[in-house]
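One file, work_8.txt, carrying compact mmCIF, C-alpha atoms and all ligand atoms:
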# COMPACT_ATOMS: atom_id res chain seq x y z
CA MET A 914 2.45 -16.17 10.22
CA ARG A 915 2.21 -12.99 8.16
CA THR A 916 4.64 -10.16 8.92
CA PRO A 917 2.67 -6.95 9.40
CA LEU A 918 3.52 -4.11 7.04
CA ILE A 919 3.01 -0.44 7.86
CA ALA A 920 3.52 1.75 4.80
CA GLY A 921 3.41 5.54 4.80
CA ASN A 922 2.11 7.01 1.54
CA TRP A 923 2.99 10.69 1.52
CA LYS A 924 1.02 11.35 -1.68
CA MET A 925 1.96 14.82 -3.06
CA ASN A 926 3.25 16.06 0.29
CA GLY A 927 6.50 16.31 2.19
CA SER A 928 9.87 17.97 1.74
CA LEU A 929 13.56 17.21 2.01
CA GLU A 930 13.35 18.49 5.56
CA LEU A 931 10.55 16.03 6.40
CA ILE A 932 12.39 13.08 4.82
CA ASP A 933 15.38 13.86 7.02
CA ALA A 934 13.18 14.22 10.10
CA VAL A 935 11.21 11.01 9.48
CA THR A 936 14.19 8.83 8.57
CA GLU A 937 16.05 10.09 11.64
CA ALA A 938 13.03 9.48 13.87
CA LEU A 939 12.59 5.95 12.46
CA ALA A 940 16.26 5.19 13.04
CA GLY A 941 15.88 6.05 16.71
CA ALA A 942 12.48 4.46 17.20
CA HIS A 943 13.46 0.89 18.19
CA LEU A 944 10.99 -0.56 15.75
CA ASP A 945 9.83 -4.11 16.35
CA SER A 946 11.85 -6.35 14.05
CA ASN A 947 8.69 -8.38 13.41
CA VAL A 948 7.02 -5.41 11.73
CA GLU A 949 7.99 -4.31 8.25
CA VAL A 950 7.90 -0.55 7.69
CA ALA A 951 7.94 1.30 4.37
CA LEU A 952 8.04 4.94 3.33
CA ILE A 953 6.43 5.97 0.06
CA PRO A 954 7.33 9.62 -0.61
CA PRO A 955 6.97 11.56 -3.88
CA PHE A 956 9.49 10.78 -6.64
CA THR A 957 11.62 13.88 -5.99
CA LEU A 958 12.36 12.69 -2.46
CA LEU A 959 13.15 9.07 -3.30
CA MET A 960 16.87 9.44 -3.85
CA ARG A 961 17.38 11.30 -0.58
CA ALA A 962 15.19 8.80 1.27
CA GLY A 963 17.00 5.86 -0.35
CA GLN A 964 20.34 7.22 0.83
CA ALA A 965 19.06 7.84 4.35
CA LEU A 966 17.51 4.35 4.57
CA ALA A 967 20.42 2.48 2.97
CA ASP A 968 21.44 0.74 6.21
CA SER A 969 17.96 0.58 7.67
CA PRO A 970 15.33 -2.18 7.57
CA VAL A 971 12.78 0.44 6.51
CA ARG A 972 11.85 -0.17 2.89
CA LEU A 973 11.32 2.44 0.23
CA GLY A 974 8.29 2.53 -2.03
CA ALA A 975 7.09 4.58 -5.01
CA GLN A 976 3.56 5.85 -5.57
CA THR A 977 3.27 4.69 -9.18
CA LEU A 978 5.37 3.79 -12.19
CA ASN A 979 5.11 3.94 -15.93
CA PRO A 980 4.89 0.37 -17.25
CA ASN A 981 6.56 1.05 -20.59
CA ALA A 982 10.12 0.23 -21.55
CA PRO A 983 12.55 3.14 -21.14
CA GLY A 984 12.17 5.62 -23.96
CA ALA A 985 10.18 8.60 -25.17
CA HIS A 986 7.73 9.12 -22.29
CA THR A 987 8.25 12.69 -21.17
CA GLY A 988 7.40 13.22 -17.54
CA GLU A 989 7.15 9.52 -16.68
CA THR A 990 9.26 7.26 -14.47
CA SER A 991 10.05 3.60 -15.12
CA ALA A 992 10.65 0.75 -12.70
CA ALA A 993 14.35 0.76 -13.59
CA LEU A 994 14.67 4.45 -12.65
CA LEU A 995 12.86 3.84 -9.37
CA LYS A 996 15.11 0.92 -8.51
CA GLU A 997 18.18 3.15 -8.82
CA CYS A 998 16.79 5.16 -5.90
CA GLY A 999 16.48 2.04 -3.76
CA VAL A 1000 12.77 1.48 -4.35
CA GLU A 1001 11.50 -2.02 -3.52
CA LEU A 1002 7.73 -1.57 -3.55
CA VAL A 1003 5.29 0.33 -5.70
CA LEU A 1004 1.66 1.31 -5.21
CA THR A 1005 -0.68 0.25 -7.99
CA GLY A 1006 -4.36 1.02 -8.33
CA HIS A 1007 -4.54 3.64 -5.60
CA SER A 1008 -8.03 5.15 -5.75
CA GLU A 1009 -6.55 8.59 -6.46
CA ARG A 1010 -4.80 7.15 -9.54
CA ARG A 1011 -8.00 5.38 -10.59
CA THR A 1012 -10.29 8.39 -10.19
CA LEU A 1013 -8.08 11.43 -10.83
CA TYR A 1014 -5.83 9.93 -13.52
CA GLY A 1015 -8.15 7.48 -15.21
CA GLU A 1016 -6.27 4.27 -14.41
CA ASP A 1017 -8.66 1.42 -15.11
CA ASP A 1018 -8.16 -2.26 -14.27
CA ALA A 1019 -6.11 -2.81 -17.45
CA ALA A 1020 -3.78 0.06 -16.55
CA VAL A 1021 -3.43 -1.26 -13.02
CA LEU A 1022 -2.62 -4.73 -14.31
CA ALA A 1023 0.03 -3.32 -16.67
CA ARG A 1024 1.70 -1.57 -13.72
CA VAL A 1025 1.55 -4.69 -11.57
CA ARG A 1026 3.18 -6.69 -14.36
CA ALA A 1027 5.88 -4.07 -14.92
CA ALA A 1028 6.65 -4.01 -11.20
CA LEU A 1029 6.88 -7.80 -11.04
CA GLU A 1030 9.11 -7.97 -14.09
CA ALA A 1031 11.45 -5.43 -12.48
CA GLY A 1032 11.56 -7.37 -9.21
CA LEU A 1033 9.49 -4.82 -7.28
CA THR A 1034 6.67 -5.70 -4.89
CA PRO A 1035 3.34 -4.36 -6.19
CA LEU A 1036 1.10 -3.07 -3.43
CA LEU A 1037 -2.31 -3.36 -5.07
CA CYS A 1038 -4.93 -0.93 -3.72
CA ILE A 1039 -8.63 -1.74 -3.98
CA GLY A 1040 -11.78 -0.33 -2.43
CA GLU A 1041 -15.31 0.89 -2.99
CA THR A 1042 -16.73 4.41 -3.05
CA LEU A 1043 -19.44 5.54 -0.65
CA GLU A 1044 -22.03 5.30 -3.39
CA GLU A 1045 -21.00 1.73 -4.18
CA ARG A 1046 -21.22 0.83 -0.47
CA GLU A 1047 -24.65 2.42 -0.17
CA ASP A 1048 -25.77 0.49 -3.27
CA ASP A 1049 -24.67 -2.72 -1.58
CA ARG A 1050 -21.96 -3.32 -4.16
CA VAL A 1051 -18.89 -3.68 -1.92
CA GLU A 1052 -18.40 -7.34 -2.74
CA ALA A 1053 -18.81 -6.89 -6.50
CA VAL A 1054 -16.49 -3.89 -6.67
CA VAL A 1055 -13.74 -5.11 -4.36
CA LEU A 1056 -13.64 -8.68 -5.61
CA GLY A 1057 -13.87 -7.40 -9.20
CA GLN A 1058 -10.70 -5.38 -8.58
CA VAL A 1059 -9.00 -8.41 -7.04
CA ASP A 1060 -10.01 -10.67 -9.93
CA ALA A 1061 -8.93 -8.15 -12.59
CA VAL A 1062 -5.34 -8.48 -11.42
CA MET A 1063 -5.05 -11.85 -9.72
CA GLY A 1064 -6.97 -13.65 -12.44
CA SER A 1065 -4.42 -12.53 -15.03
CA LEU A 1066 -1.23 -13.47 -13.19
CA GLU A 1067 0.64 -16.74 -12.93
CA PRO A 1068 0.40 -18.44 -9.51
CA ALA A 1069 4.01 -17.62 -8.60
CA GLN A 1070 3.46 -13.96 -9.48
CA ARG A 1071 0.35 -13.66 -7.31
CA GLU A 1072 2.31 -14.57 -4.22
CA ARG A 1073 4.54 -11.53 -4.65
CA LEU A 1074 1.77 -8.97 -4.17
CA VAL A 1075 0.54 -7.15 -1.11
CA ILE A 1076 -3.09 -5.97 -1.18
CA ALA A 1077 -4.40 -2.83 0.54
CA TYR A 1078 -8.14 -2.49 1.09
CA GLU A 1079 -8.92 1.20 1.16
CA PRO A 1080 -12.59 2.18 1.24
CA VAL A 1081 -12.55 5.40 -0.78
CA TRP A 1082 -14.98 7.06 1.64
CA ALA A 1083 -12.46 6.64 4.45
CA ILE A 1084 -9.44 8.10 2.66
CA GLY A 1085 -8.40 11.46 4.06
CA THR A 1086 -11.86 11.99 5.55
CA GLY A 1087 -11.24 11.11 9.18
CA ARG A 1088 -14.09 8.60 8.75
CA THR A 1089 -12.40 5.25 9.36
CA ALA A 1090 -14.08 1.95 8.62
CA THR A 1091 -14.94 0.29 11.90
CA PRO A 1092 -12.70 -2.66 12.75
CA GLU A 1093 -15.70 -4.93 12.05
CA GLN A 1094 -16.39 -3.36 8.64
CA ALA A 1095 -12.74 -3.63 7.66
CA GLN A 1096 -12.41 -7.20 8.94
CA GLN A 1097 -15.51 -8.26 7.03
CA VAL A 1098 -14.10 -7.06 3.71
CA HIS A 1099 -10.62 -8.43 4.45
CA ALA A 1100 -12.11 -11.84 5.22
CA MET A 1101 -14.06 -11.68 1.96
CA ILE A 1102 -10.88 -10.88 0.01
CA ARG A 1103 -9.00 -13.71 1.70
CA ALA A 1104 -11.80 -16.13 0.90
CA ARG A 1105 -11.59 -15.11 -2.77
CA LEU A 1106 -7.83 -15.67 -2.76
CA ALA A 1107 -8.42 -19.09 -1.20
CA GLU A 1108 -10.45 -20.04 -4.26
CA LEU A 1109 -7.27 -19.53 -6.27
CA SER A 1110 -5.02 -21.23 -3.73
CA PRO A 1111 -5.33 -21.81 0.02
CA SER A 1112 -1.62 -21.14 0.54
CA LEU A 1113 -1.86 -17.88 -1.42
CA ALA A 1114 -4.70 -16.76 0.86
CA GLU A 1115 -2.82 -17.80 3.98
CA GLY A 1116 0.35 -15.95 3.04
CA MET A 1117 -1.06 -12.78 1.42
CA ARG A 1118 -0.77 -9.61 3.47
CA LEU A 1119 -3.95 -7.54 3.43
CA LEU A 1120 -3.43 -3.98 4.65
CA TYR A 1121 -6.16 -1.56 5.65
CA GLY A 1122 -5.99 2.08 4.54
CA GLY A 1123 -8.31 5.01 5.20
CA SER A 1124 -7.86 7.41 8.10
CA MET A 1125 -5.79 4.95 10.12
CA LYS A 1126 -4.29 7.00 12.95
CA ALA A 1127 -2.28 6.48 16.11
CA ASP A 1128 -5.47 6.26 18.17
CA ASN A 1129 -7.41 3.74 16.05
CA ALA A 1130 -4.58 1.61 14.63
CA ALA A 1131 -4.41 -0.95 17.44
CA GLU A 1132 -8.09 -1.91 17.15
CA LEU A 1133 -7.89 -2.27 13.37
CA LEU A 1134 -4.61 -4.18 13.47
CA LYS A 1135 -6.02 -6.58 16.05
CA GLN A 1136 -8.43 -8.02 13.48
CA PRO A 1137 -7.41 -11.47 12.27
CA ASP A 1138 -7.34 -10.58 8.57
CA ILE A 1139 -5.75 -7.12 8.84
CA ASP A 1140 -2.01 -7.46 8.36
CA GLY A 1141 -0.92 -3.86 8.44
CA GLY A 1142 -1.81 -0.41 7.24
CA LEU A 1143 -1.39 1.95 4.32
CA ILE A 1144 -1.19 5.29 6.05
CA GLY A 1145 -1.70 8.66 4.37
CA GLY A 1146 -2.04 11.78 6.52
CA ALA A 1147 -0.67 10.27 9.73
CA SER A 1148 2.52 9.17 7.99
CA LEU A 1149 3.50 12.84 7.61
CA LYS A 1150 3.81 13.18 11.37
CA PRO A 1151 6.84 11.20 12.59
CA ASP A 1152 5.50 10.53 16.10
CA ASP A 1153 2.11 9.38 14.83
CA PHE A 1154 3.62 7.14 12.17
CA ILE A 1155 5.97 5.54 14.67
CA ALA A 1156 3.08 5.01 17.10
CA ILE A 1157 1.22 3.11 14.36
CA CYS A 1158 4.33 1.02 13.67
CA HIS A 1159 4.49 0.15 17.36
CA ALA A 1160 0.78 -0.72 17.38
CA ALA A 1161 1.48 -3.36 14.72
CA GLY A 1162 4.13 -5.04 16.88
O1 LIG A 1201 -2.55 5.64 0.75
C1 LIG A 1201 -3.08 5.98 1.80
C2 LIG A 1201 -4.50 6.06 1.91
O2 LIG A 1201 -5.08 6.66 0.81
C3 LIG A 1201 -5.03 6.53 3.23
O3 LIG A 1201 -4.91 7.92 3.39
P1 LIG A 1201 -5.35 8.59 4.79
O4 LIG A 1201 -4.63 7.83 5.87
O5 LIG A 1201 -4.90 10.02 4.71
O6 LIG A 1201 -6.82 8.44 4.89

What would the structure in this file look like if it were written as C-alpha cells?
Ligand SMILES: O=C[C@H](O)COP(=O)(O)O
Amino acid sequence: MRTPLIAGNWKMNGSLELIDAVTEALAGAHLDSNVEVALIPPFTLLMRAGQALADSPVRLGAQTLNPNAPGAHTGETSAALLKECGVELVLTGHSERRTLYGEDDAAVLARVRAALEAGLTPLLCIGETLEEREDDRVEAVVLGQVDAVMGSLEPAQRERLVIAYEPVWAIGTGRTATPEQAQQVHAMIRARLAELSPSLAEGMRLLYGGSMKADNAAELLKQPDIDGGLIGGASLKPDDFIAICHAAG
C-alpha cells in the first residue's frame, strides 16, 4: 500500500505572509494521517516554513540544490544548507529547470545523487513536451528520463525516490492530462520500474503534476497508478491545496 503524497511547489511565488497563512491553515485542516503532505516554497521562505512546521507532519521540500560540496559557489545552495532549514525532500529534474536552466539528464542525476548522499528524498520530475507527444514520443522521452537516473543508481538508492510525471503541456496551462492519459503513462513508468525490480515498482510513489486543481484532483487520484500530486498554482491557495489533500485521503 503506497501512502499518497501531495506536494505543493510554489516555484518563484509566495511570501512570508503566505507561508504563515498556509502553515496555519494546514495545522487546522485535520489532514488524513494516511496522506503525506509537503510544502516546497522558495529558498528564502524555507527557514520560516521549517520553524512553523517543526511539530507538524507536513514535510518541507526544496525546489533544487547544488550538488557540489560546500565551497566557492556564489548564489548556490547545498543539501547541507537546506537540511538546516528542516528540508527533507528536494525536486530534481523539474521541466522548468531542464528547459530554462539547461539541466540535462547528467545534471539531474548529479542532484539526485547529492540528495541521496545527504539523506534527502529526491522527487524526480519527468514528462514530455506537447511536440514530443504529438510526435508520438511519450514513451521514449519519459522512459528515457526514468532510465537516465534509475539505471545509474544502486538498487537500495532507487527505492528512496519519488517520481512525478508532469506532462510539460499541462504545467500552468489549465490543460490537465485526462485521468486516462495520466494513468496510461504512470502504468508505463511502473512497468519499466518492474523490469528493474517488481518490489521497486510496487513501492514507488508516482505523482501526477500539471494543472491538478481542487475540482479535478479526485478523478486523477482515483487512478490505480497515481499516488499523489505535485501541485503548482493551486498550492498557493490554502483552501484549494487543502481540498486536494483531502481528495487524496
Ligand atoms: O511542480 C508543479 C508543476 O509544475 C505543476 O504546476 P501547475 O499545477 O501550476 O500546473

Protein and nucleic residues near ligand LIG 1201 (chain A), 8 Å, only C-alpha atoms and all ligand atoms, as a ChimeraX atom specification: /A:921-924,1007-1009,1079,1081,1083-1087,1089,1122-1126,1143-1148

Coordinates-based distance that separates CA of Glu1067 (chain A) from CA of Gly1141 (chain A) (Å, one decimal): 25.0 Å

Near-region 1117-1119 of chain A list (6 Å; all atoms listed in the file; drop same-chain fewer than 4 positions) as a ChimeraX atom specification: /A:1075-1077,1113,1139-1140

Atomic distance CA of Cys1038 (chain A) - CA of Leu1004 (chain A), expressed in Å with one decimal: 7.1 Å

If you count only C-alpha atoms, which residues fall within 9 Å of Gly963 (chain A), apart from same-chain ones fewer than 6 positions away, as a PDB file with C-alpha atoms, keeping the file's coordinate frame?
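Saved result, selection.pdb, follows:
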ATOM      1  CA  ARG A 972      11.850  -0.170   2.890  1.00  0.00           C
ATOM      2  CA  LEU A 973      11.320   2.440   0.230  1.00  0.00           C
ATOM      3  CA  GLU A 997      18.180   3.150  -8.820  1.00  0.00           C
ATOM      4  CA  CYS A 998      16.790   5.160  -5.900  1.00  0.00           C
ATOM      5  CA  GLY A 999      16.480   2.040  -3.760  1.00  0.00           C
ATOM      6  CA  VAL A1000      12.770   1.480  -4.350  1.00  0.00           C
TER       7      VAL A1000
END

For Gly1116 (chain A), the nearest of the candidates A:Ala1031, A:Met914, A:Ile953, A:Ile919, counting all atoms listed in the file: A:Met914

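Note that CA of Pro1092 (chain A) and CA of Glu1132 (chain A) are 6.4 Å apart.
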
Selected residue, from A:Gly1057, A:Gly1015, A:Pro983, A:Gly974, that lies nearest to Pro1035 (chain A) when counting only C-alpha atoms: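 Among the listed residues, the smallest separation from Pro1035 (chain A) belongs to A:Gly974.
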
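In this comparison, which uses all atoms listed in the file, the residue of A:Thr1034, A:Val971, A:Leu958, A:Val1059 approaching Ala942 (chain A) most closely is A:Val971.
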
Residue nearest Ala1160 (chain A) among A:Asn1129, A:Ser1112, A:Ser946, A:Ser969 (counting all atoms listed in the file): A:Asn1129

Best match for closeness to Val935 (chain A) among A:Ile1039, A:Leu1149, A:Ala1095, A:Ala1027, counting all atoms listed in the file: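 Checking each candidate against Val935 (chain A), we get A:Leu1149 as the closest.
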
Top pick for closest residue to Asn926 (chain A), considering A:Pro954, A:Gly1064, A:Gly941, A:Pro1111 and counting all atoms listed in the file: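 Looking at the shortest contact to Asn926 (chain A), the residue is A:Pro954.
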
Who sits within 7 Å of Val948 (chain A), all atoms listed in the file, same chain under 6 positions skipped, as an MDAnalysis selection string: chainID A and resid 916:918 1161:1162

Within 12 Å of Gln1094 (chain A) using only C-alpha atoms, minus same-chain residues under 3 positions, as a ChimeraX atom specification: /A:1046,1051,1078-1080,1083,1089-1091,1097-1101,1121,1132-1133,1136,1138-1139

Just the selected residues (C-alpha atoms), exported as an mmCIF file, keeping the file's coordinate frame, please.
data_model
loop_
_atom_site.group_PDB
_atom_site.id
_atom_site.type_symbol
_atom_site.label_atom_id
_atom_site.label_comp_id
_atom_site.auth_asym_id
_atom_site.auth_seq_id
_atom_site.Cartn_x
_atom_site.Cartn_y
_atom_site.Cartn_z
ATOM 1 C CA ARG A 1046 -21.220 0.830 -0.470
ATOM 2 C CA VAL A 1051 -18.890 -3.680 -1.920
ATOM 3 C CA TYR A 1078 -8.140 -2.490 1.090
ATOM 4 C CA GLU A 1079 -8.920 1.200 1.160
ATOM 5 C CA PRO A 1080 -12.590 2.180 1.240
ATOM 6 C CA ALA A 1083 -12.460 6.640 4.450
ATOM 7 C CA THR A 1089 -12.400 5.250 9.360
ATOM 8 C CA ALA A 1090 -14.080 1.950 8.620
ATOM 9 C CA THR A 1091 -14.940 0.290 11.900
ATOM 10 C CA GLN A 1097 -15.510 -8.260 7.030
ATOM 11 C CA VAL A 1098 -14.100 -7.060 3.710
ATOM 12 C CA HIS A 1099 -10.620 -8.430 4.450
ATOM 13 C CA ALA A 1100 -12.110 -11.840 5.220
ATOM 14 C CA MET A 1101 -14.060 -11.680 1.960
ATOM 15 C CA TYR A 1121 -6.160 -1.560 5.650
ATOM 16 C CA GLU A 1132 -8.090 -1.910 17.150
ATOM 17 C CA LEU A 1133 -7.890 -2.270 13.370
ATOM 18 C CA GLN A 1136 -8.430 -8.020 13.480
ATOM 19 C CA ASP A 1138 -7.340 -10.580 8.570
ATOM 20 C CA ILE A 1139 -5.750 -7.120 8.840
#

Spatial neighbours of Leu1029 (chain A), 10 Å, all atoms listed in the file, chain gap at least 5 places, as a ChimeraX atom specification: /A:992,1002-1003,1023-1024,1034-1035,1070-1071,1073-1074

Output C-alpha atoms for every residue in the selection just made, as a short mmCIF file (atom, residue, chain, number, x, y, z; two decimals), in the coordinates of the input.
data_model
loop_
_atom_site.label_atom_id
_atom_site.label_comp_id
_atom_site.auth_asym_id
_atom_site.auth_seq_id
_atom_site.Cartn_x
_atom_site.Cartn_y
_atom_site.Cartn_z
CA ALA A 992 10.65 0.75 -12.70
CA LEU A 1002 7.73 -1.57 -3.55
CA VAL A 1003 5.29 0.33 -5.70
CA ALA A 1023 0.03 -3.32 -16.67
CA ARG A 1024 1.70 -1.57 -13.72
CA THR A 1034 6.67 -5.70 -4.89
CA PRO A 1035 3.34 -4.36 -6.19
CA GLN A 1070 3.46 -13.96 -9.48
CA ARG A 1071 0.35 -13.66 -7.31
CA ARG A 1073 4.54 -11.53 -4.65
CA LEU A 1074 1.77 -8.97 -4.17
#
